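Visitor: Sharing upload-v2.cif, mmCIF, C-alpha atoms and all ligand atoms:
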```cif
data_final
loop_
_atom_site.label_atom_id
_atom_site.label_comp_id
_atom_site.auth_asym_id
_atom_site.auth_seq_id
_atom_site.Cartn_x
_atom_site.Cartn_y
_atom_site.Cartn_z
CA MET A 1 0.00 0.00 0.00
CA LEU A 2 1.44 3.34 -1.06
CA GLN A 3 -1.26 5.36 0.65
CA ARG A 4 -2.08 4.73 4.30
CA PRO A 5 -4.42 7.53 5.44
CA ARG A 6 -4.11 6.27 9.03
CA ARG A 7 -0.54 7.70 9.19
CA ASN A 8 -2.09 11.18 9.51
CA ARG A 9 -4.13 10.00 12.49
CA LYS A 10 -1.39 8.28 14.46
CA SER A 11 -0.85 10.88 17.21
CA GLU A 12 -2.72 13.74 18.80
CA VAL A 13 -0.14 16.23 17.51
CA ILE A 14 -0.51 15.06 13.91
CA ARG A 15 -4.29 14.84 14.19
CA GLN A 16 -4.35 18.46 15.31
CA MET A 17 -1.86 19.47 12.60
CA VAL A 18 -4.16 18.21 9.83
CA GLN A 19 -7.45 19.30 11.40
CA GLU A 20 -9.43 21.19 8.75
CA THR A 21 -12.15 22.85 10.83
CA HIS A 22 -12.15 24.68 14.15
CA VAL A 23 -14.83 26.24 16.31
CA SER A 24 -13.86 29.36 18.22
CA ALA A 25 -15.66 31.68 20.62
CA ALA A 26 -15.70 34.33 17.90
CA ASN A 27 -17.94 32.10 15.75
CA LEU A 28 -20.62 31.67 18.41
CA ILE A 29 -23.79 33.70 18.92
CA PHE A 30 -25.80 33.07 22.10
CA PRO A 31 -29.62 33.40 21.92
CA LEU A 32 -31.13 34.85 25.11
CA PHE A 33 -34.78 34.93 26.19
CA ILE A 34 -36.14 37.96 28.00
CA VAL A 35 -39.19 38.25 30.25
CA ASP A 36 -40.78 41.21 32.05
CA GLY A 37 -40.41 41.82 35.78
CA GLU A 38 -37.51 41.89 38.20
CA ASN A 39 -35.14 39.25 39.45
CA GLN A 40 -36.66 36.63 37.13
CA LYS A 41 -34.73 33.59 35.96
CA THR A 42 -37.00 30.71 34.92
CA GLU A 43 -35.79 27.64 33.10
CA VAL A 44 -37.47 26.62 29.84
CA ALA A 45 -38.80 23.12 30.58
CA SER A 46 -37.89 21.69 27.17
CA MET A 47 -34.45 23.38 27.15
CA PRO A 48 -32.53 22.39 30.29
CA GLY A 49 -29.91 25.02 31.15
CA ILE A 50 -31.68 27.78 29.18
CA PHE A 51 -33.56 30.51 31.06
CA ARG A 52 -35.86 33.47 30.54
CA TYR A 53 -34.26 36.50 32.21
CA SER A 54 -35.71 39.79 33.40
CA ILE A 55 -33.56 42.72 32.26
CA ASP A 56 -31.61 42.97 35.55
CA ASN A 57 -30.59 39.30 35.36
CA LEU A 58 -30.07 39.53 31.61
CA LEU A 59 -27.31 42.08 32.27
CA ARG A 60 -25.64 39.71 34.76
CA GLU A 61 -25.87 36.87 32.24
CA VAL A 62 -24.38 38.99 29.45
CA GLU A 63 -21.59 40.02 31.81
CA SER A 64 -20.69 36.44 32.67
CA CYS A 65 -20.70 35.52 28.95
CA MET A 66 -18.51 38.51 28.09
CA ASN A 67 -16.02 37.37 30.74
CA LEU A 68 -15.86 33.99 29.00
CA GLY A 69 -15.14 35.64 25.63
CA LEU A 70 -18.68 35.14 24.32
CA LYS A 71 -19.63 38.55 22.93
CA SER A 72 -22.51 38.15 20.47
CA PHE A 73 -26.11 37.81 21.61
CA ASP A 74 -29.41 37.31 19.83
CA LEU A 75 -32.31 38.55 21.98
CA PHE A 76 -35.88 37.17 21.99
CA PRO A 77 -38.78 38.50 24.10
CA ASN A 78 -41.48 36.59 25.93
CA ILE A 79 -44.41 39.01 25.65
CA HIS A 80 -47.40 38.86 27.98
CA ASP A 81 -50.68 38.12 26.14
CA ASP A 82 -52.07 41.51 27.27
CA PHE A 83 -49.56 43.25 25.01
CA LYS A 84 -50.25 41.20 21.88
CA ASP A 85 -52.44 42.42 19.02
CA LYS A 86 -53.06 41.74 15.31
CA TYR A 87 -50.46 44.28 14.19
CA ALA A 88 -47.69 43.59 16.72
CA THR A 89 -47.68 47.26 17.76
CA GLU A 90 -45.84 46.31 20.96
CA SER A 91 -42.81 45.52 18.80
CA TYR A 92 -42.00 49.19 18.20
CA ARG A 93 -43.41 50.81 21.37
CA GLU A 94 -40.59 52.87 22.86
CA GLU A 95 -40.97 51.47 26.41
CA SER A 96 -41.56 47.84 25.40
CA LEU A 97 -39.64 45.10 27.19
CA TYR A 98 -37.56 44.30 24.11
CA LEU A 99 -36.43 47.84 23.30
CA ARG A 100 -35.60 48.49 26.96
CA ALA A 101 -33.52 45.30 26.98
CA ILE A 102 -31.55 46.30 23.86
CA ARG A 103 -30.82 49.74 25.31
CA ALA A 104 -29.80 48.30 28.68
CA VAL A 105 -27.36 45.78 27.18
CA LYS A 106 -25.79 48.31 24.81
CA LYS A 107 -25.49 50.89 27.59
CA GLU A 108 -23.74 48.54 29.98
CA PHE A 109 -21.74 46.60 27.37
CA PRO A 110 -21.14 48.86 24.35
CA GLU A 111 -18.60 46.38 22.95
CA ALA A 112 -21.11 43.50 22.91
CA CYS A 113 -22.68 42.64 19.54
CA VAL A 114 -26.44 42.76 19.92
CA ILE A 115 -28.46 40.96 17.27
CA THR A 116 -32.20 41.58 17.24
CA ASP A 117 -34.98 39.40 15.89
CA VAL A 118 -37.41 41.01 13.47
CA ALA A 119 -40.67 39.10 13.13
CA MET A 120 -44.19 39.63 14.40
CA ASP A 121 -44.81 36.30 16.12
CA PRO A 122 -43.82 37.09 19.75
CA TYR A 123 -46.09 40.17 19.65
CA SER A 124 -48.90 38.87 17.44
CA SER A 125 -52.23 37.75 18.90
CA ASP A 126 -52.36 35.31 15.97
CA GLY A 127 -48.89 33.91 16.72
CA HIS A 128 -47.85 34.35 13.08
CA ASP A 129 -44.91 36.19 11.54
CA GLY A 130 -47.17 38.39 9.43
CA ILE A 131 -50.50 40.22 9.52
CA VAL A 132 -53.37 37.74 9.27
CA GLU A 133 -56.53 38.48 7.30
CA ASN A 134 -59.18 35.82 6.69
CA GLY A 135 -56.71 33.11 7.57
CA GLU A 136 -54.11 34.43 5.11
CA ILE A 137 -50.68 35.86 5.97
CA LEU A 138 -50.39 39.18 4.14
CA ASN A 139 -46.96 39.89 2.68
CA ASP A 140 -46.67 43.54 1.64
CA GLU A 141 -48.75 44.91 4.53
CA THR A 142 -46.42 43.06 6.92
CA LEU A 143 -43.34 44.80 5.49
CA ASP A 144 -44.49 48.08 6.99
CA VAL A 145 -44.57 46.53 10.50
CA LEU A 146 -41.16 44.90 9.97
CA GLY A 147 -39.71 48.24 8.86
CA LYS A 148 -41.01 49.97 11.99
CA MET A 149 -39.68 47.17 14.17
CA ALA A 150 -36.23 47.20 12.54
CA LEU A 151 -36.02 50.98 12.87
CA ALA A 152 -36.96 50.79 16.56
CA HIS A 153 -34.22 48.18 17.08
CA ALA A 154 -31.65 50.36 15.29
CA ARG A 155 -32.63 53.41 17.35
CA SER A 156 -32.24 51.33 20.51
CA GLY A 157 -28.67 50.41 19.54
CA ALA A 158 -28.88 47.05 17.70
CA ASP A 159 -25.68 46.14 15.87
CA ILE A 160 -27.27 43.55 13.58
CA ILE A 161 -30.93 43.18 12.61
CA ALA A 162 -32.04 39.63 11.89
CA PRO A 163 -35.35 39.30 10.04
CA SER A 164 -36.71 35.80 10.72
CA ASP A 165 -40.17 36.23 9.22
CA MET A 166 -39.66 34.97 5.62
CA MET A 167 -41.87 37.62 3.98
CA ASP A 168 -40.83 38.35 0.38
CA GLY A 169 -38.87 41.59 -0.10
CA ARG A 170 -38.29 42.26 3.57
CA VAL A 171 -34.51 42.59 3.42
CA GLY A 172 -34.69 45.31 0.76
CA TYR A 173 -37.53 47.05 2.59
CA ILE A 174 -35.66 47.03 5.91
CA ARG A 175 -32.38 48.13 4.26
CA LYS A 176 -34.14 51.10 2.64
CA THR A 177 -35.93 52.03 5.87
CA LEU A 178 -32.69 51.91 7.87
CA ASP A 179 -30.70 53.86 5.27
CA GLU A 180 -33.31 56.60 4.96
CA ALA A 181 -33.13 57.10 8.73
CA GLY A 182 -29.33 57.30 8.65
CA PHE A 183 -28.67 53.79 9.99
CA ASN A 184 -26.56 52.65 7.05
CA ASN A 185 -24.09 51.11 9.51
CA VAL A 186 -26.60 48.71 11.03
CA SER A 187 -26.14 45.24 9.51
CA ILE A 188 -28.72 42.74 8.33
CA MET A 189 -28.35 39.02 9.05
CA SER A 190 -31.13 37.52 7.00
CA TYR A 191 -32.81 34.21 7.79
CA SER A 192 -32.56 33.37 4.09
CA ALA A 193 -33.40 29.68 4.09
CA LYS A 194 -35.70 29.20 7.05
CA TYR A 195 -37.62 25.96 6.91
CA ALA A 196 -41.07 25.07 8.30
CA SER A 197 -39.45 22.83 10.88
CA ALA A 198 -40.61 20.65 13.76
CA PHE A 199 -37.45 21.67 15.61
CA TYR A 200 -38.75 25.09 16.73
CA GLY A 201 -41.13 23.56 19.30
CA PRO A 202 -39.10 24.32 22.48
CA PHE A 203 -38.48 27.91 21.30
CA ARG A 204 -42.21 28.49 20.95
CA ASP A 205 -42.63 27.12 24.50
CA ALA A 206 -39.98 29.57 25.71
CA LEU A 207 -41.74 32.55 24.15
CA ASN A 208 -45.34 31.31 24.22
CA SER A 209 -45.38 32.21 20.52
CA ALA A 210 -46.91 29.18 18.77
CA PRO A 211 -49.33 30.02 15.92
CA LYS A 212 -52.94 30.21 17.15
CA PHE A 213 -54.15 28.44 14.00
CA GLY A 214 -52.60 26.58 11.08
CA ASP A 215 -48.86 26.38 10.43
CA LYS A 216 -46.14 28.52 8.86
CA LYS A 217 -45.89 26.63 5.57
CA THR A 218 -47.02 29.51 3.33
CA TYR A 219 -43.94 31.50 4.30
CA GLN A 220 -41.32 29.13 5.76
CA MET A 221 -39.71 26.72 3.29
CA ASN A 222 -40.57 23.11 2.58
CA PRO A 223 -37.92 20.85 4.22
CA ALA A 224 -37.82 18.82 1.00
CA ASN A 225 -36.35 21.70 -1.04
CA GLN A 226 -32.71 22.59 -1.60
CA ARG A 227 -32.55 24.60 -4.86
CA GLU A 228 -35.22 26.97 -3.59
CA ALA A 229 -32.79 28.06 -0.85
CA LEU A 230 -30.61 29.56 -3.59
CA ILE A 231 -33.48 31.71 -4.82
CA GLU A 232 -33.97 33.06 -1.29
CA ALA A 233 -30.24 33.56 -0.69
CA ASN A 234 -29.68 35.33 -4.03
CA LEU A 235 -32.59 37.69 -3.42
CA ASP A 236 -31.39 38.55 0.08
CA GLU A 237 -27.91 39.26 -1.24
CA LEU A 238 -29.28 41.52 -3.97
CA GLU A 239 -31.50 43.27 -1.41
CA GLY A 240 -28.52 44.16 0.77
CA ALA A 241 -28.08 41.39 3.36
CA ASP A 242 -24.69 41.22 5.12
CA PHE A 243 -25.06 37.62 6.31
CA LEU A 244 -27.16 34.76 4.90
CA MET A 245 -28.56 32.35 7.47
CA VAL A 246 -29.78 28.77 7.22
CA LYS A 247 -32.16 27.43 9.86
CA PRO A 248 -32.31 24.83 11.35
CA ALA A 249 -28.70 23.69 10.99
CA LEU A 250 -28.30 19.96 11.58
CA ALA A 251 -30.91 18.57 9.23
CA TYR A 252 -29.86 21.18 6.64
CA LEU A 253 -26.07 20.88 6.39
CA ASP A 254 -26.41 20.38 2.63
CA VAL A 255 -28.21 23.72 2.36
CA ILE A 256 -25.48 25.48 4.35
CA LYS A 257 -22.90 24.01 1.96
CA LEU A 258 -24.90 24.94 -1.14
CA ILE A 259 -25.35 28.55 -0.07
CA LYS A 260 -21.70 28.79 1.01
CA ASP A 261 -20.61 27.63 -2.45
CA ASN A 262 -22.77 30.27 -4.10
CA THR A 263 -21.99 33.45 -2.19
CA GLU A 264 -19.04 35.49 -0.99
CA LEU A 265 -21.06 36.69 2.02
CA PRO A 266 -20.55 35.06 5.42
CA VAL A 267 -23.06 32.27 6.05
CA ALA A 268 -24.67 31.79 9.46
CA ALA A 269 -26.53 28.75 10.75
CA TYR A 270 -29.06 28.49 13.56
CA ASN A 271 -28.61 25.36 15.69
CA VAL A 272 -32.21 25.61 16.89
CA SER A 273 -34.05 24.83 20.11
CA GLY A 274 -35.18 21.32 19.10
CA GLU A 275 -31.63 20.35 18.15
CA TYR A 276 -30.47 21.51 21.59
CA ALA A 277 -33.35 19.68 23.31
CA MET A 278 -32.48 16.39 21.56
CA ILE A 279 -28.92 16.41 22.87
CA LYS A 280 -29.96 17.46 26.38
CA ALA A 281 -32.62 14.73 26.59
CA ALA A 282 -30.22 12.04 25.44
CA VAL A 283 -27.52 13.27 27.83
CA GLN A 284 -29.99 13.29 30.75
CA ASN A 285 -30.76 9.67 29.96
CA GLY A 286 -27.08 8.80 29.89
CA TRP A 287 -27.30 7.92 26.19
CA LEU A 288 -24.78 10.42 24.81
CA ASN A 289 -21.54 11.99 25.99
CA GLU A 290 -22.44 15.68 26.20
CA GLN A 291 -19.08 17.23 25.40
CA ARG A 292 -18.38 14.96 22.44
CA ALA A 293 -21.88 15.16 20.97
CA THR A 294 -22.02 18.95 21.33
CA MET A 295 -18.60 19.58 19.81
CA GLU A 296 -19.28 17.14 16.96
CA VAL A 297 -22.48 19.02 16.12
CA LEU A 298 -20.84 22.47 16.22
CA THR A 299 -17.82 21.29 14.24
CA SER A 300 -20.02 19.74 11.56
CA ILE A 301 -21.96 23.00 11.14
CA ARG A 302 -18.65 24.86 10.68
CA ARG A 303 -17.41 22.14 8.30
CA ALA A 304 -20.54 22.54 6.16
CA GLY A 305 -19.58 26.19 5.66
CA ALA A 306 -21.14 28.28 8.42
CA THR A 307 -18.99 31.14 9.67
CA ALA A 308 -21.27 32.05 12.57
CA ILE A 309 -23.36 29.63 14.61
CA LEU A 310 -26.33 30.68 16.70
CA THR A 311 -26.46 28.06 19.41
CA TYR A 312 -27.88 27.51 22.88
CA HIS A 313 -24.71 25.52 23.63
CA ALA A 314 -22.51 28.62 23.30
CA LYS A 315 -22.08 29.42 26.98
CA GLU A 316 -21.61 25.86 28.26
CA VAL A 317 -18.98 25.25 25.59
CA LEU A 318 -16.91 28.15 26.93
CA LEU A 319 -17.70 27.56 30.60
CA ASN A 320 -16.52 23.95 30.33
CA LYS A 321 -13.54 24.90 28.09
CA TRP A 322 -14.60 22.45 25.39
CA LEU A 323 -12.92 24.38 22.55
C1 LIG B 1 -39.67 33.47 14.98
C2 LIG B 1 -38.48 32.64 15.25
C3 LIG B 1 -38.48 31.26 15.50
C4 LIG B 1 -37.19 30.90 15.85
C5 LIG B 1 -36.39 32.05 15.75
N1 LIG B 1 -37.22 33.13 15.37
C6 LIG B 1 -39.61 30.28 15.55
C7 LIG B 1 -40.57 30.19 14.46
O1 LIG B 1 -40.34 30.58 13.31
O2 LIG B 1 -41.67 29.71 14.74
C8 LIG B 1 -36.78 29.52 16.25
C9 LIG B 1 -35.51 29.38 17.00
C10 LIG B 1 -35.33 28.08 17.69
O3 LIG B 1 -36.13 27.12 17.54
O4 LIG B 1 -34.33 27.96 18.41
N2 LIG B 1 -39.74 34.25 13.88
#
```
Please express the file's structure as structure tokens.
Ligand code: PBG
Guide:
Amino acid sequence: MLQRPRRNRKSEVIRQMVQETHVSAANLIFPLFIVDGENQKTEVASMPGIFRYSIDNLLREVESCMNLGLKSFDLFPNIHDDFKDKYATESYREESLYLRAIRAVKKEFPEACVITDVAMDPYSSDGHDGIVENGEILNDETLDVLGKMALAHARSGADIIAPSDMMDGRVGYIRKTLDEAGFNNVSIMSYSAKYASAFYGPFRDALNSAPKFGDKKTYQMNPANQREALIEANLDELEGADFLMVKPALAYLDVIKLIKDNTELPVAAYNVSGEYAMIKAAVQNGWLNEQRATMEVLTSIRRAGATAILTYHAKEVLLNKWL
């Protein structure tokens, strides 16, 4: 045998020398759930180790992450039903929980990267990402709400705006709205290929944001489709996106790779709530080794081509020094 690939695996030093993919703290984005009130820290039942924080505790959590070298955060609000309506007006009210949280984090930690989620569902009495009329999700009417929401986030200090709604034309609409208001430095990380996935269940528990009727299949993509992701990614790029995101990550590694091969923009991937819950449940049963399973998942998402990974594992990875 002339070729013996095992020679490059014979020692730890050589294995590390030829390692093609690495995960570093700089690649990780930590999603954080926010709830109203004071001194709140409640665990999400389906996401062990993940909590909903009131703003005071959110600041402590951000501080402890910053000290670990984890500096990018994606914020999501749990909104009380009393504040929800058909048009998600709470999403751009100056004193809303979410806008107060963005301002508080940026005030205390100006060097942190705050990513904000633009979509109607946490604030919508219908639990959908767009305005609902006669059971239909309206596209163009929704853009106006998304524009107001994105502008409110920018005014509050958001570094990156992340539209997760999947309405057509929203990246261009948000870019134009931000630019006209002088926020041409605020970035857009677009959920380009967001699939109608079963893996968002625990997230909807965390935010109490499940759709009140039907599903999200008229706007989120069919899990069976790959080429269609290129249409979405190309449009978002033309409309001014700075990052293209694929979501979920694990069941869609081929889509991450496809988009990576077709753009010069950085690609992000969202390792979603259900993917986190699967690992935690198996670990709790003693069926998987947590460190190895977690690092294998994160490494495979990087290997597929994602530059940035949004993941609920971010803090534990750094806390336990798994990198
Ligand atoms: C809402 C939104 C969802 C997630 C991020 N933004 C859920 C959904 O579309 O229903 C899911 C994240 C996760 O599951 O971790 N626009």
Visitor: One decimal, Å: what's the distance from atom CA of A:Leu32 over to atom CA of A:Ala304, could you say?
Guide: 25.0 Å
Visitor: What is the distance between atom CA of A:Arg227 and atom CA of A:Thr294, in Å to one decimal?
Guide: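 That distance, rounded to one decimal, is 28.8 Å.
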Visitor: Which is closer to A:Lys321 than all the others in A:Ala25, A:Val62, A:Gln284, A:Thr142, using only C-alpha atoms?
Guide: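 Among the listed residues, A:Ala25 lies closest to A:Lys321.
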Visitor: Looking at A:Thr307, A:Ser124, A:Ser187, A:Gln19, which one is nearest to ligand LIG 1 (chain B), with distances taken over all atoms listed in the file?
Guide: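 Nearest candidate to ligand LIG 1 (chain B) out of A:Thr307, A:Ser124, A:Ser187, A:Gln19: A:Ser124.
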Visitor: Can you pull out the residues contacting stretch 106-113 of chain A? Cut-off 8 Å, using all atoms listed in the file, and skip same-chain residues under 5 positions away; I want them as a ChimeraX atom specification.
Guide: /A:59,63,66,71-73,157-160
Visitor: Need to verify the contact set: A:Ala229, 8 Å, all atoms listed in the file, exclusion of same-chain residues closer than 5 positions in sequence. Can you return it as a PDB file with C-alpha atoms, in the coordinates of the input?
Guide:
```pdb
ATOM      1  CA  SER A 192     -32.560  33.370   4.090  1.00  0.00           C
ATOM      2  CA  ALA A 193     -33.400  29.680   4.090  1.00  0.00           C
ATOM      3  CA  VAL A 255     -28.210  23.720   2.360  1.00  0.00           C
ATOM      4  CA  ILE A 259     -25.350  28.550  -0.070  1.00  0.00           C
TER       5      ILE A 259
END
```
Visitor: From the set A:Phe203, A:Phe51, A:Phe83, A:Trp322, which residue has the shortest atom-to-atom contact distance to ligand LIG 1 (chain B), counting only C-alpha atoms and all ligand atoms?
Guide: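 Looking at the shortest contact to ligand LIG 1 (chain B), the residue is A:Phe203.
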Visitor: Tell me, as a ChimeraX atom specification, which residues lie within 7 Å of A:Ala88, counting only C-alpha atoms; anything in the same chain fewer than 2 positions away does not count.
Guide: /A:84-86,90-91,120,123-124
Visitor: Identify which of the residues A:Lys217, A:Asn271, A:Ala162, A:Thr177 lies closest to A:Leu253, counting only C-alpha atoms when measuring atom-to-atom distances.
Guide: A:Asn271
Visitor: Have a look at atom CA of A:Glu133 and atom CA of A:Leu146 and let me know their distance in Å, one decimal.
Guide: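 Atom CA of A:Leu146 lies 16.9 Å from atom CA of A:Glu133.
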